[in-house]
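**Student:** First, the structure itself, so that you have it in front of you.
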Amino acid sequence: MIIEIDNVELYFNNKSVLNGVYLKAEAGKITGILGSNGCGKSCLLNISFGNLKAKYSLIRINNTPILKPLYQTKLVSYLPQHHFIPNKMMIKTAFKLFKVDWDVFVNTFETLTPYKNFYFKKLSGGERRIIEIYLTLKCPRKIVFLDEPFSHVAPLYIEKIKALIEEEKQKKAIVITDHMYEHIIAVSDTIYLLKNGCTKLIDNVKELEDYKYLSIGTLD
C-alpha cells in the first residue's frame, strides 16, 4: 500500500498556507511530518482525509487517483487533535465498533482494565487519548493518520504508544505529526519538513537545524 498526497494548495483569506505540497507514505514505513506551529501540518492531514477542501489536491493510492474523500473509502483511520468519540459512548461499544479486541488492549494498558463499562466522559483527557490512539491504530484500515498522538499523554505511556506504532507499521502506511519532534524523529523512517507552505524531504536529521526548524546543536 502506497499513498501519495500531491500538489496540495490551500488558501485562507487569499493567503497561501500550502503550496504544491507532496508527501508519500507506504506500508512498512512510518512517515513523519515536522514543522513549526501554524505551518499547516494539521491542515494537510485534514485535506488528505477529506475533512478540509483544498484549492487543489491529488491523492493516489498504489498509483491510482482517488476521486472521492478518503474517509469514504474505508481505507483510512484518522486521529485528530481533538477528542472524536462521543462523550456518551461506552468504551466497550467503541471497541466493538472499531473491531478492536479489548483484552489485547488491557494486556498493554493494564491500568485501564476497570474502565470497560465506563462512558468516555468519565475518563481523564489523557486516558481518553490513549484509547483513541489505540483504536485508530488497531482498527482494520490500511492507512493511518496521527495528529499529535504524544501530546497530553503521560510519559509512562509514550514508549508503549511508540512500540504500538512500530508494530502496526508492518502492515499499514502510517503518517504522523507532533510538535514533540524527538518522538517523531525516533519512530519515523521518512521525515518531511513543512516550511513556507512546502514539504522538504529530510535525508539527514541535521538538515532540521540547517532549515532552522531546530536550533543549531539541538541534535548533538
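Ligands are numbered from 1 in the order shown, residues from 1 within each chain, and chains are lettered A, B, ... in the order they appear in the C-alpha cells.
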Hey, what does DSSP flag as alpha helix (DSSP H) within range 75-127 of chain A? Can you give it to me as a count of residues only?

**Tutor:** 17

**Student:** Hey, what's within 7 Å of range 157-173 of chain A if we count only C-alpha atoms and toss same-chain stuff fewer than 5 positions away? As a VMD selection string, please?

**Tutor:** chain A and resid 1 25 to 30 137 142 to 144 150 187

**Student:** Which residues are near range 45-52 of chain A? Cut-off 12 Å, only C-alpha atoms, ignore same chain within fewer than 5 positions. Put them as a PyMOL selection string.

**Tutor:** chain A and resi 3-12+18+21-25+32-33+40+57-61+66-81+143-148+174-178

**Student:** Can I get the selection written as a PDB file, in the first residue's frame, with C-alpha atoms?

**Tutor:**
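The result, written out as again_24.pdb:
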```
ATOM      1  CA  ILE A   3      -0.342   6.651  -0.676  1.00  0.00           C
ATOM      2  CA  GLU A   4       0.819   9.857  -2.340  1.00  0.00           C
ATOM      3  CA  ILE A   5      -0.555  13.289  -1.497  1.00  0.00           C
ATOM      4  CA  ASP A   6       0.391  15.619  -4.332  1.00  0.00           C
ATOM      5  CA  ASN A   7       0.163  19.251  -5.470  1.00  0.00           C
ATOM      6  CA  VAL A   8      -1.782  20.383  -2.401  1.00  0.00           C
ATOM      7  CA  GLU A   9      -2.704  24.064  -2.489  1.00  0.00           C
ATOM      8  CA  LEU A  10      -4.599  25.699   0.366  1.00  0.00           C
ATOM      9  CA  TYR A  11      -5.505  29.337   0.903  1.00  0.00           C
ATOM     10  CA  PHE A  12      -7.142  31.107   3.835  1.00  0.00           C
ATOM     11  CA  LEU A  18       0.124  25.123   1.476  1.00  0.00           C
ATOM     12  CA  VAL A  21       2.871  20.045  -1.138  1.00  0.00           C
ATOM     13  CA  TYR A  22       3.901  16.453  -1.842  1.00  0.00           C
ATOM     14  CA  LEU A  23       4.090  13.553   0.581  1.00  0.00           C
ATOM     15  CA  LYS A  24       4.488   9.810   0.120  1.00  0.00           C
ATOM     16  CA  ALA A  25       3.815   7.096   2.692  1.00  0.00           C
ATOM     17  CA  GLY A  32       6.746  11.848   9.948  1.00  0.00           C
ATOM     18  CA  ILE A  33       5.797  15.472   9.294  1.00  0.00           C
ATOM     19  CA  GLY A  40      -0.268  23.667   8.072  1.00  0.00           C
ATOM     20  CA  SER A  57      -5.037  18.291  -4.248  1.00  0.00           C
ATOM     21  CA  LEU A  58      -4.450  14.883  -5.753  1.00  0.00           C
ATOM     22  CA  ILE A  59      -4.497  11.663  -3.743  1.00  0.00           C
ATOM     23  CA  ARG A  60      -3.116   8.490  -5.269  1.00  0.00           C
ATOM     24  CA  ILE A  61      -3.166   5.001  -3.753  1.00  0.00           C
ATOM     25  CA  ILE A  66      -8.754   8.617  -5.613  1.00  0.00           C
ATOM     26  CA  LEU A  67     -11.638  10.815  -6.714  1.00  0.00           C
ATOM     27  CA  LYS A  68     -13.689  10.824  -3.516  1.00  0.00           C
ATOM     28  CA  PRO A  69     -12.756  11.774   0.070  1.00  0.00           C
ATOM     29  CA  LEU A  70     -10.591   9.150   1.720  1.00  0.00           C
ATOM     30  CA  TYR A  71     -12.925   8.860   4.685  1.00  0.00           C
ATOM     31  CA  GLN A  72     -15.481   7.341   2.280  1.00  0.00           C
ATOM     32  CA  THR A  73     -13.104   4.602   1.143  1.00  0.00           C
ATOM     33  CA  LYS A  74     -12.812   2.700   4.443  1.00  0.00           C
ATOM     34  CA  LEU A  75      -9.070   2.592   3.867  1.00  0.00           C
ATOM     35  CA  VAL A  76      -8.040   5.253   6.380  1.00  0.00           C
ATOM     36  CA  SER A  77      -8.261   5.812  10.128  1.00  0.00           C
ATOM     37  CA  TYR A  78      -7.566   9.319  11.426  1.00  0.00           C
ATOM     38  CA  LEU A  79      -6.664  10.624  14.869  1.00  0.00           C
ATOM     39  CA  PRO A  80      -7.387  14.372  15.011  1.00  0.00           C
ATOM     40  CA  GLN A  81      -6.016  16.649  17.725  1.00  0.00           C
ATOM     41  CA  ILE A 143      -3.639   3.827   6.165  1.00  0.00           C
ATOM     42  CA  VAL A 144      -3.346   5.697   9.487  1.00  0.00           C
ATOM     43  CA  PHE A 145      -3.072   9.462  10.059  1.00  0.00           C
ATOM     44  CA  LEU A 146      -1.987  10.508  13.574  1.00  0.00           C
ATOM     45  CA  ASP A 147      -2.142  14.175  14.577  1.00  0.00           C
ATOM     46  CA  GLU A 148      -0.324  14.916  17.861  1.00  0.00           C
ATOM     47  CA  ILE A 174       1.352   5.481   8.921  1.00  0.00           C
ATOM     48  CA  VAL A 175       1.632   9.265   8.688  1.00  0.00           C
ATOM     49  CA  ILE A 176       2.350  11.057  11.961  1.00  0.00           C
ATOM     50  CA  THR A 177       2.920  14.611  13.121  1.00  0.00           C
ATOM     51  CA  ASP A 178       3.604  16.041  16.570  1.00  0.00           C
TER      52      ASP A 178
END
```

**Student:** So how many Å separate CA of Met180 in chain A and CA of Leu112 in chain A, to one decimal?

**Tutor:** 24.6 Å

**Student:** So what do you get for CA of Leu135 in chain A versus CA of Asp189 in chain A, distance-wise?

**Tutor:** 22.5 Å

**Student:** Considering only C-alpha atoms, state which residue in the set A:Leu34, A:Gly20, A:Lys122, A:Leu97 is at the smallest distance from Thr190 in chain A.

**Tutor:**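 Closest to Thr190 in chain A of all the choices is A:Leu34.
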
**Student:** With a distance cut-off of 12 Å and only C-alpha atoms, select the neighbouring residues of Asp203 in chain A, excluding the residue or stretch itself and same-chain residues fewer than 4 positions from it, and output the selection as a list in words.

**Tutor:**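 Counting only the stated atoms, we get Ile185, Ser188, Asp189, Thr190, Ile191, Tyr192, Leu193, Glu207, Leu208 and Asp210 of chain A.
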
**Student:** Which one is closest to His152 in chain A: A:Lys53, A:Lys206, A:Glu127, A:Ser36? Count only C-alpha atoms.

**Tutor:**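 Looking only at the distances to His152 in chain A, the closest residue turns out to be A:Glu127.
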
**Student:** Among the residues of range 115-149 of chain A, find those DSSP assigns to strand (DSSP E or B) from the backbone and print them as a VMD selection string.

**Tutor:** chain A and resid 119 143 to 147

**Student:** Considering only C-alpha atoms, can you say which of A:Leu123, A:Ile131, A:Val17, A:Ile216 comes closest to Ala54 in chain A?

**Tutor:**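 Smallest distance to Ala54 in chain A is found for A:Val17.
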